[in-house]
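Okay, structure first, notes after.
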Amino acid sequence: MKSRTIKVDYIARVEGDGALYVRIKDGTVADVKFRIWEPPRLFEAFLRGRNYSEAPDITARICGICPIAYQMSSSHAMEAAFGVKVDPQVRALRRLIYLGEWIESHPLHVFLLHAPDFLGYEDAIQMAADHPDIAVRGLQLKKLGNELMAFLGGREIHPINVCVGGFYKVPTKKELLPFVEKLKWARDASLETVRWTATLPFPDFEQDYEFVALRHPDEYAITEGRLVSNKGLDIAISEFEEHSVEEHVPYANALHSRLKERGAYFVGPLARYNLNFDKLPPVAQQVARDVGLGPVCLNPFKSIIVRMVETVFACDEAIRLIERYEMPEKPRADIRPRAGTGHGCTEAPRGILYHRYRLDDQGVIQEAKIVPPTSQNQKSIESDLWQFVPKYIDLPNDKLQWQCEQAIRNYDPCISCATHFLTLHIDRE
Amino acid sequence: MTGSDAPGRSHTLIIGLGNEYRRDDAVGLVVARRLREAAPESVRVMEESGEGAALIESWQDADTVILIDAVHSGAKPGTIHRLDAHEQPIAKKFFRFSTHAFGVAEAVELARALGRLPARLIVYGVEGKSYEAGVGLSPEVEAAAQAVVERVLGEIG
């Protein structure tokens with residue numbers, strides 16, 4: 001009997017729990033255990049006793065890559081609790097800064113983390129030696145996303161201009177217009193990249209996923225909508241916890257989200273694309289069709305193409321928003337705290353990010369709950385690995401590890417774990 | 001609207017990296033804050049999460065860049081490592097316990113591959129002890145933080 005164990009640590013300093021543990025016995029997969037992200041319990045504790053207005057800044061520090069998502073989900077939750085409606089142009093600016101985050105985040109993953117996998121390079125550095133143009137284009141696109149975030153948010157890493165009710169300061173139209181030319185370049189570069197990613201070699205791998213994303217009647221949803229799935233889910237954001245539960249996973253000391261009714265679900269670009277293809281602008285729909293993607297894609301490896309289709313959308317939508325922008329009279333809505341509970345859910349680059357806050361009549365946070373996209377995808381990632389490992393079971397361990405990492409990277413898991421420097425331990429009996 | 005954080009023309013740039021809420025991972029940020037007080041006004045000081053692609057953008061206008069981050073190489077907590085990027089490659093393993101994916105080592109090596117390294121790039125790594133969720137440095141790392149502040153001041157002085 002031959003048994004081998006593959007264990008990939010991510011932050012081994014966190015109590016030595018393996019991020020990925022695969023056990024192979026007699027040529028078949030005997031066990032897959034996956035854990036990459038702890039829920040932000042620490043932040044939920046920090047938030048208790050703080051004023052509602054502090055939540056956007058505190059939660060923005062959970063993630064260095066998607067601070068806007070945290071600011072938007074928390075702001076929307078507070079506004080829902082206090083019954084606040086924001087000005088339509090403030091709403092447009094929020095969508096715009098959020099698009100900046102997508103333009104920053106998607107190319108980083110596509111060019112610097114995911115593309116090297118498909119091209120057979122160990123990492124972006126090796127890839128850059130042969131294809132500097134690819135790395136440079138990724139950096140240029142990402143930079144434009146950063147510029148948009150920094151311009152509207154005050155700073156790109158922990159934007160300080162976003163607040164409950166809107167912004168501390170809003171730009172004039174004249175200040176925004178110079179972005180249009182840059183965004184047109186970015187849209188073209190993204191279109192070209194969609195075509196290029198579609199030529200990469202993809203494993204033949206599809207599963208019968210349940211995709212969950214926001215859906216909005218008038219737009220490709222980012223900040224508002226109902227939560228829907230391809231298997232019948234159609235709920236208000238405030239009903240999320242009635243349908244999605246966090247299951248304690250004993251081996252991982254972590255929580256895996258699942259839908260009460262059906263189990264694992266899949267959030268992020270592929271979910272949004274499959275549920276909202278009809279809301280993409282013509283330029284994005286067209287390029288997807290041109291490269292043979294079609295309105296439904298069930299292969300998570302092709303998420304690299306979908307991320308670029310979404311980047312095309314993000315650039316196109318940002319141009320549209322800027323061209324229609326009129327400076328609002330007031331940068332933010334007036335806030336009058338009242339006791340209650342508010343829910344917010346927005347489409348972070350990696351998928352839905354849910355926040356719930358219970359507040360007292362002074363607006364002091366009594367309870368906070370945050371469910372990030374990566375924790376929701378963990379169960380789907382694990383399920384992918386159960387299906388995926390048998391196809392490559394005869395590969396030597398290093399090659400098998402690389403394949404597993406690539407399968408995990410399909411989900412662009414939160415930056416801490418999307419690394420190429422995971423460590424592999426092999427135990428042979 | 002952004003003014004203060006736009007890339008300046010300052011020739012020396014200090015970048016502290018880390019996560020405020022992962023104990024010793026914050027050491028780069030702590031050192032940066034102290035240097036902001038102590039360094040000459042002409043020196044620009046930034047705090048970053050450690051996302052590598054952003055680092056390459058940050059240093060594009062600088063001649064001398066000094067990065068400070070937490071590391072976990074197996075040395076004694078509080079050990080200070082000093083690396084000159086032009087003298088040696090920055091091993092990914094050195095920063096492998098960093099919470100950043102496309103992190104410091106990747107940024108330095110990608111910039112080298114693309115010919116975008118600043119003329120002088122020094123990386124200070126402080127060996128951390130605890131990277132659990134929470135705030136506050138371990139005593140060994142706290143002592144090292146002050147020592148790094150003084151060494152950097154000597155370096156740019």
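Chain lettering (A, B, ...) mirrors the order of the structure tokens, residue numbering begins at 1 for each chain separately, and ligand numbering begins at 1 in order of display.
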
Contacts of B:Ala145 at 10 Å (only C-alpha atoms; same-chain gap of 2+ positions) as JSON, numbers by chain: {"B": [27, 28, 29, 30, 31, 32, 34, 68, 78, 80, 126, 137, 139, 140, 141, 142, 143, 147, 148, 149, 150, 151]}

Selection near stretch 259-265 of chain A, 6 Å with only C-alpha atoms, sequence-local residues under 2 positions removed, as an NGL selection string: :A and (210-211 or 243-244 or 379-380)

Test item: residues at most 8 Å from B:Leu67, only C-alpha atoms, excluding those fewer than 6 positions along its chain, as a compact mmCIF listing (two decimals) with N, CA and C atoms, in the first residue's frame:
```txt
# COMPACT_ATOMS: atom_id res chain seq x y z
N ILE B 14 11.46 56.28 1.91
CA ILE B 14 11.43 55.20 2.90
C ILE B 14 10.04 54.59 2.87
N ILE B 15 9.98 53.27 2.74
CA ILE B 15 8.67 52.61 2.71
C ILE B 15 8.62 51.55 3.81
N GLY B 16 7.69 51.74 4.71
CA GLY B 16 7.44 50.75 5.76
C GLY B 16 6.27 49.88 5.34
N LEU B 17 6.45 48.57 5.49
CA LEU B 17 5.43 47.64 5.01
C LEU B 17 4.88 46.81 6.15
N GLY B 28 7.39 47.27 10.16
CA GLY B 28 7.77 48.20 9.10
C GLY B 28 7.01 49.52 9.21
N LEU B 121 18.75 50.46 -3.55
CA LEU B 121 17.58 49.87 -2.88
C LEU B 121 18.06 48.98 -1.73
N ILE B 122 17.75 49.43 -0.54
CA ILE B 122 18.15 48.69 0.66
C ILE B 122 16.90 48.13 1.32
N VAL B 123 16.95 46.87 1.69
CA VAL B 123 15.81 46.25 2.36
C VAL B 123 16.22 45.87 3.78
N TYR B 124 15.52 46.40 4.74
CA TYR B 124 15.70 45.97 6.13
C TYR B 124 14.61 44.99 6.49
```

Pick from B:Gly18, B:Pro118, B:Gly154, B:Gly125, whichever lies nearest to chain A using only C-alpha atoms: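 Going through B:Gly18, B:Pro118, B:Gly154, B:Gly125 one by one, the smallest distance to chain A is for B:Gly18.
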
Exercise: stretch 63-65 of chain B partners within 12 Å, only C-alpha atoms, chain neighbours under 5 positions left out, as a ChimeraX atom specification: /B:8-16,43-46,55-56,58,83-86,108,116-124,152,155-156

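If only C-alpha atoms are the atoms counted, then among A:Gly145, A:Pro349, A:Gly268, A:Gly83 the closest residue to chain B is A:Gly145.
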
All strand (DSSP E or B) residues (DSSP, backbone) inside stretch 5-156 of chain B, as a VMD selection string: chain B and resid 12 to 17 22 44 to 48 64 to 71 80 to 84 120 to 127 134

How would the residues just chosen look if you wrote them out with N, CA and C atoms as a short mmCIF file (atom, residue, chain, number, x, y, z; two decimals), in the first residue's frame?
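Done, and the output landed in selection.cif:
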```
data_model
loop_
_atom_site.label_atom_id
_atom_site.label_comp_id
_atom_site.auth_asym_id
_atom_site.auth_seq_id
_atom_site.Cartn_x
_atom_site.Cartn_y
_atom_site.Cartn_z
N THR B 12 15.04 60.51 -1.87
CA THR B 12 15.11 59.38 -0.95
C THR B 12 13.71 59.05 -0.47
N LEU B 13 13.40 57.77 -0.56
CA LEU B 13 12.06 57.32 -0.18
C LEU B 13 12.19 56.16 0.81
N ILE B 14 11.46 56.28 1.91
CA ILE B 14 11.43 55.20 2.90
C ILE B 14 10.04 54.59 2.87
N ILE B 15 9.98 53.27 2.74
CA ILE B 15 8.67 52.61 2.71
C ILE B 15 8.62 51.55 3.81
N GLY B 16 7.69 51.74 4.71
CA GLY B 16 7.44 50.75 5.76
C GLY B 16 6.27 49.88 5.34
N LEU B 17 6.45 48.57 5.49
CA LEU B 17 5.43 47.64 5.01
C LEU B 17 4.88 46.81 6.15
N ARG B 22 -1.45 42.36 12.58
CA ARG B 22 -0.80 41.06 12.69
C ARG B 22 0.46 41.22 13.52
N ARG B 44 11.03 61.36 1.83
CA ARG B 44 9.61 61.00 1.79
C ARG B 44 9.42 59.65 2.49
N VAL B 45 8.39 59.57 3.31
CA VAL B 45 8.13 58.34 4.05
C VAL B 45 6.73 57.84 3.71
N MET B 46 6.62 56.57 3.36
CA MET B 46 5.31 56.00 3.02
C MET B 46 5.04 54.74 3.83
N GLU B 47 3.77 54.46 4.00
CA GLU B 47 3.38 53.19 4.62
C GLU B 47 2.57 52.42 3.58
N GLU B 48 2.90 51.15 3.42
CA GLU B 48 2.22 50.34 2.41
C GLU B 48 1.82 49.00 3.01
N THR B 64 17.07 56.71 -4.13
CA THR B 64 17.39 55.80 -3.03
C THR B 64 16.09 55.37 -2.38
N VAL B 65 15.92 54.06 -2.25
CA VAL B 65 14.72 53.55 -1.58
C VAL B 65 15.14 52.63 -0.45
N ILE B 66 14.54 52.84 0.71
CA ILE B 66 14.79 51.94 1.84
C ILE B 66 13.45 51.33 2.26
N LEU B 67 13.41 50.00 2.17
CA LEU B 67 12.19 49.28 2.54
C LEU B 67 12.39 48.63 3.91
N ILE B 68 11.35 48.64 4.71
CA ILE B 68 11.42 47.95 6.01
C ILE B 68 10.22 47.03 6.13
N ASP B 69 10.47 45.77 6.41
CA ASP B 69 9.38 44.80 6.52
C ASP B 69 9.76 43.75 7.58
N ALA B 70 8.75 43.05 8.02
CA ALA B 70 8.99 41.91 8.93
C ALA B 70 9.39 40.70 8.09
N VAL B 71 10.26 39.86 8.65
CA VAL B 71 10.63 38.63 7.95
C VAL B 71 10.60 37.47 8.93
N ILE B 80 18.09 41.81 12.94
CA ILE B 80 17.92 42.77 11.85
C ILE B 80 18.74 42.30 10.64
N HIS B 81 18.08 42.13 9.52
CA HIS B 81 18.77 41.75 8.28
C HIS B 81 18.85 42.99 7.40
N ARG B 82 19.97 43.17 6.74
CA ARG B 82 20.07 44.28 5.78
C ARG B 82 20.51 43.72 4.44
N LEU B 83 19.71 43.99 3.41
CA LEU B 83 20.02 43.46 2.08
C LEU B 83 20.14 44.61 1.10
N ASP B 84 21.16 44.55 0.27
CA ASP B 84 21.31 45.54 -0.80
C ASP B 84 20.86 44.85 -2.09
N ARG B 120 19.55 52.88 -5.89
CA ARG B 120 19.97 52.27 -4.63
C ARG B 120 18.73 51.75 -3.93
N LEU B 121 18.75 50.46 -3.55
CA LEU B 121 17.58 49.87 -2.88
C LEU B 121 18.06 48.98 -1.73
N ILE B 122 17.75 49.43 -0.54
CA ILE B 122 18.15 48.69 0.66
C ILE B 122 16.90 48.13 1.32
N VAL B 123 16.95 46.87 1.69
CA VAL B 123 15.81 46.25 2.36
C VAL B 123 16.22 45.87 3.78
N TYR B 124 15.52 46.40 4.74
CA TYR B 124 15.70 45.97 6.13
C TYR B 124 14.61 44.99 6.49
N GLY B 125 15.01 43.82 6.95
CA GLY B 125 14.05 42.82 7.41
C GLY B 125 14.22 42.61 8.91
N VAL B 126 13.14 42.70 9.62
CA VAL B 126 13.21 42.49 11.06
C VAL B 126 12.53 41.16 11.38
N GLU B 127 13.29 40.30 12.02
CA GLU B 127 12.77 38.97 12.35
C GLU B 127 11.66 39.09 13.38
N GLY B 134 -3.85 40.61 16.03
CA GLY B 134 -3.76 41.42 17.23
C GLY B 134 -2.84 42.61 17.00
#
```

Residues of chain B in helix (DSSP H, G or I), written as a count of residues only: 61

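Using only C-alpha atoms, the residues found no farther than 9 Å from A:Asn299, other than those of its own chain fewer than 4 positions away, are Phe202, Pro203, Asp204, Phe205, Glu206, Gln207, Leu270 and Ser303 of chain A.
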
Please provide as an mmCIF file with C-alpha atoms, in the first residue's frame all residues within 12 Å of A:Gln285, with the sequence filter that same-chain residues fewer than 3 positions apart are discarded (counting only C-alpha atoms).
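Heads up, here's the output in out21.cif:
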```
data_model
loop_
_atom_site.group_PDB
_atom_site.id
_atom_site.type_symbol
_atom_site.label_atom_id
_atom_site.label_comp_id
_atom_site.auth_asym_id
_atom_site.auth_seq_id
_atom_site.Cartn_x
_atom_site.Cartn_y
_atom_site.Cartn_z
ATOM 1 C CA LEU A 191 -9.878 43.904 -25.099
ATOM 2 C CA VAL A 194 -9.241 39.094 -23.457
ATOM 3 C CA TYR A 220 -23.991 45.019 -13.980
ATOM 4 C CA TYR A 273 -20.557 36.884 -15.474
ATOM 5 C CA ASN A 274 -22.833 33.845 -15.606
ATOM 6 C CA ASN A 276 -25.414 39.005 -15.345
ATOM 7 C CA PHE A 277 -24.038 38.518 -18.842
ATOM 8 C CA ASP A 278 -27.084 40.367 -20.221
ATOM 9 C CA LYS A 279 -26.111 43.458 -18.207
ATOM 10 C CA LEU A 280 -22.602 43.738 -19.648
ATOM 11 C CA PRO A 281 -22.130 46.545 -22.161
ATOM 12 C CA PRO A 282 -22.100 45.512 -25.847
ATOM 13 C CA ALA A 288 -16.623 37.415 -25.029
ATOM 14 C CA ARG A 289 -18.562 35.974 -27.962
ATOM 15 C CA ASP A 290 -15.663 36.663 -30.343
ATOM 16 C CA VAL A 291 -13.339 34.513 -28.278
ATOM 17 C CA GLY A 292 -15.921 31.746 -27.937
ATOM 18 C CA LEU A 293 -16.716 32.268 -24.286
ATOM 19 C CA GLY A 294 -20.513 32.437 -24.600
ATOM 20 C CA PRO A 295 -22.871 33.738 -21.909
ATOM 21 C CA VAL A 296 -22.203 30.844 -19.504
ATOM 22 C CA VAL A 306 -13.691 36.476 -17.501
ATOM 23 C CA MET A 308 -10.424 40.581 -18.393
ATOM 24 C CA VAL A 309 -13.971 40.769 -19.802
ATOM 25 C CA GLU A 310 -14.933 42.385 -16.496
ATOM 26 C CA VAL A 312 -13.282 45.763 -20.288
ATOM 27 C CA PHE A 313 -16.654 46.402 -18.653
ATOM 28 C CA ASP A 316 -16.231 51.170 -20.360
#
```

Surrounding residues of A:Cys315 excluding itself and chain neighbours under 5 positions, 8 Å, only C-alpha atoms, as an NGL selection string: :A and (99 or 103 or 183-184 or 186-187)

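Nearest residue to chain B among A:Trp196, A:Asp412, A:Met72, A:Ala271 is A:Asp412, counting only C-alpha atoms.
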
Contact check, stretch 330-377 of chain A to stretch 20-37 of chain A, at most 12 Å, counting only C-alpha atoms, closest pairs as CSV:
```
residue,atom,partner,partner_atom,distance
A:Val371,CA,A:Trp37,CA,11.0
A:Pro372,CA,A:Trp37,CA,9.2
A:Pro373,CA,A:Trp37,CA,9.9
A:Thr374,CA,A:Trp37,CA,6.9
A:Ser375,CA,A:Trp37,CA,6.1
A:Gln376,CA,A:Trp37,CA,9.8
A:Asn377,CA,A:Trp37,CA,10.1
```
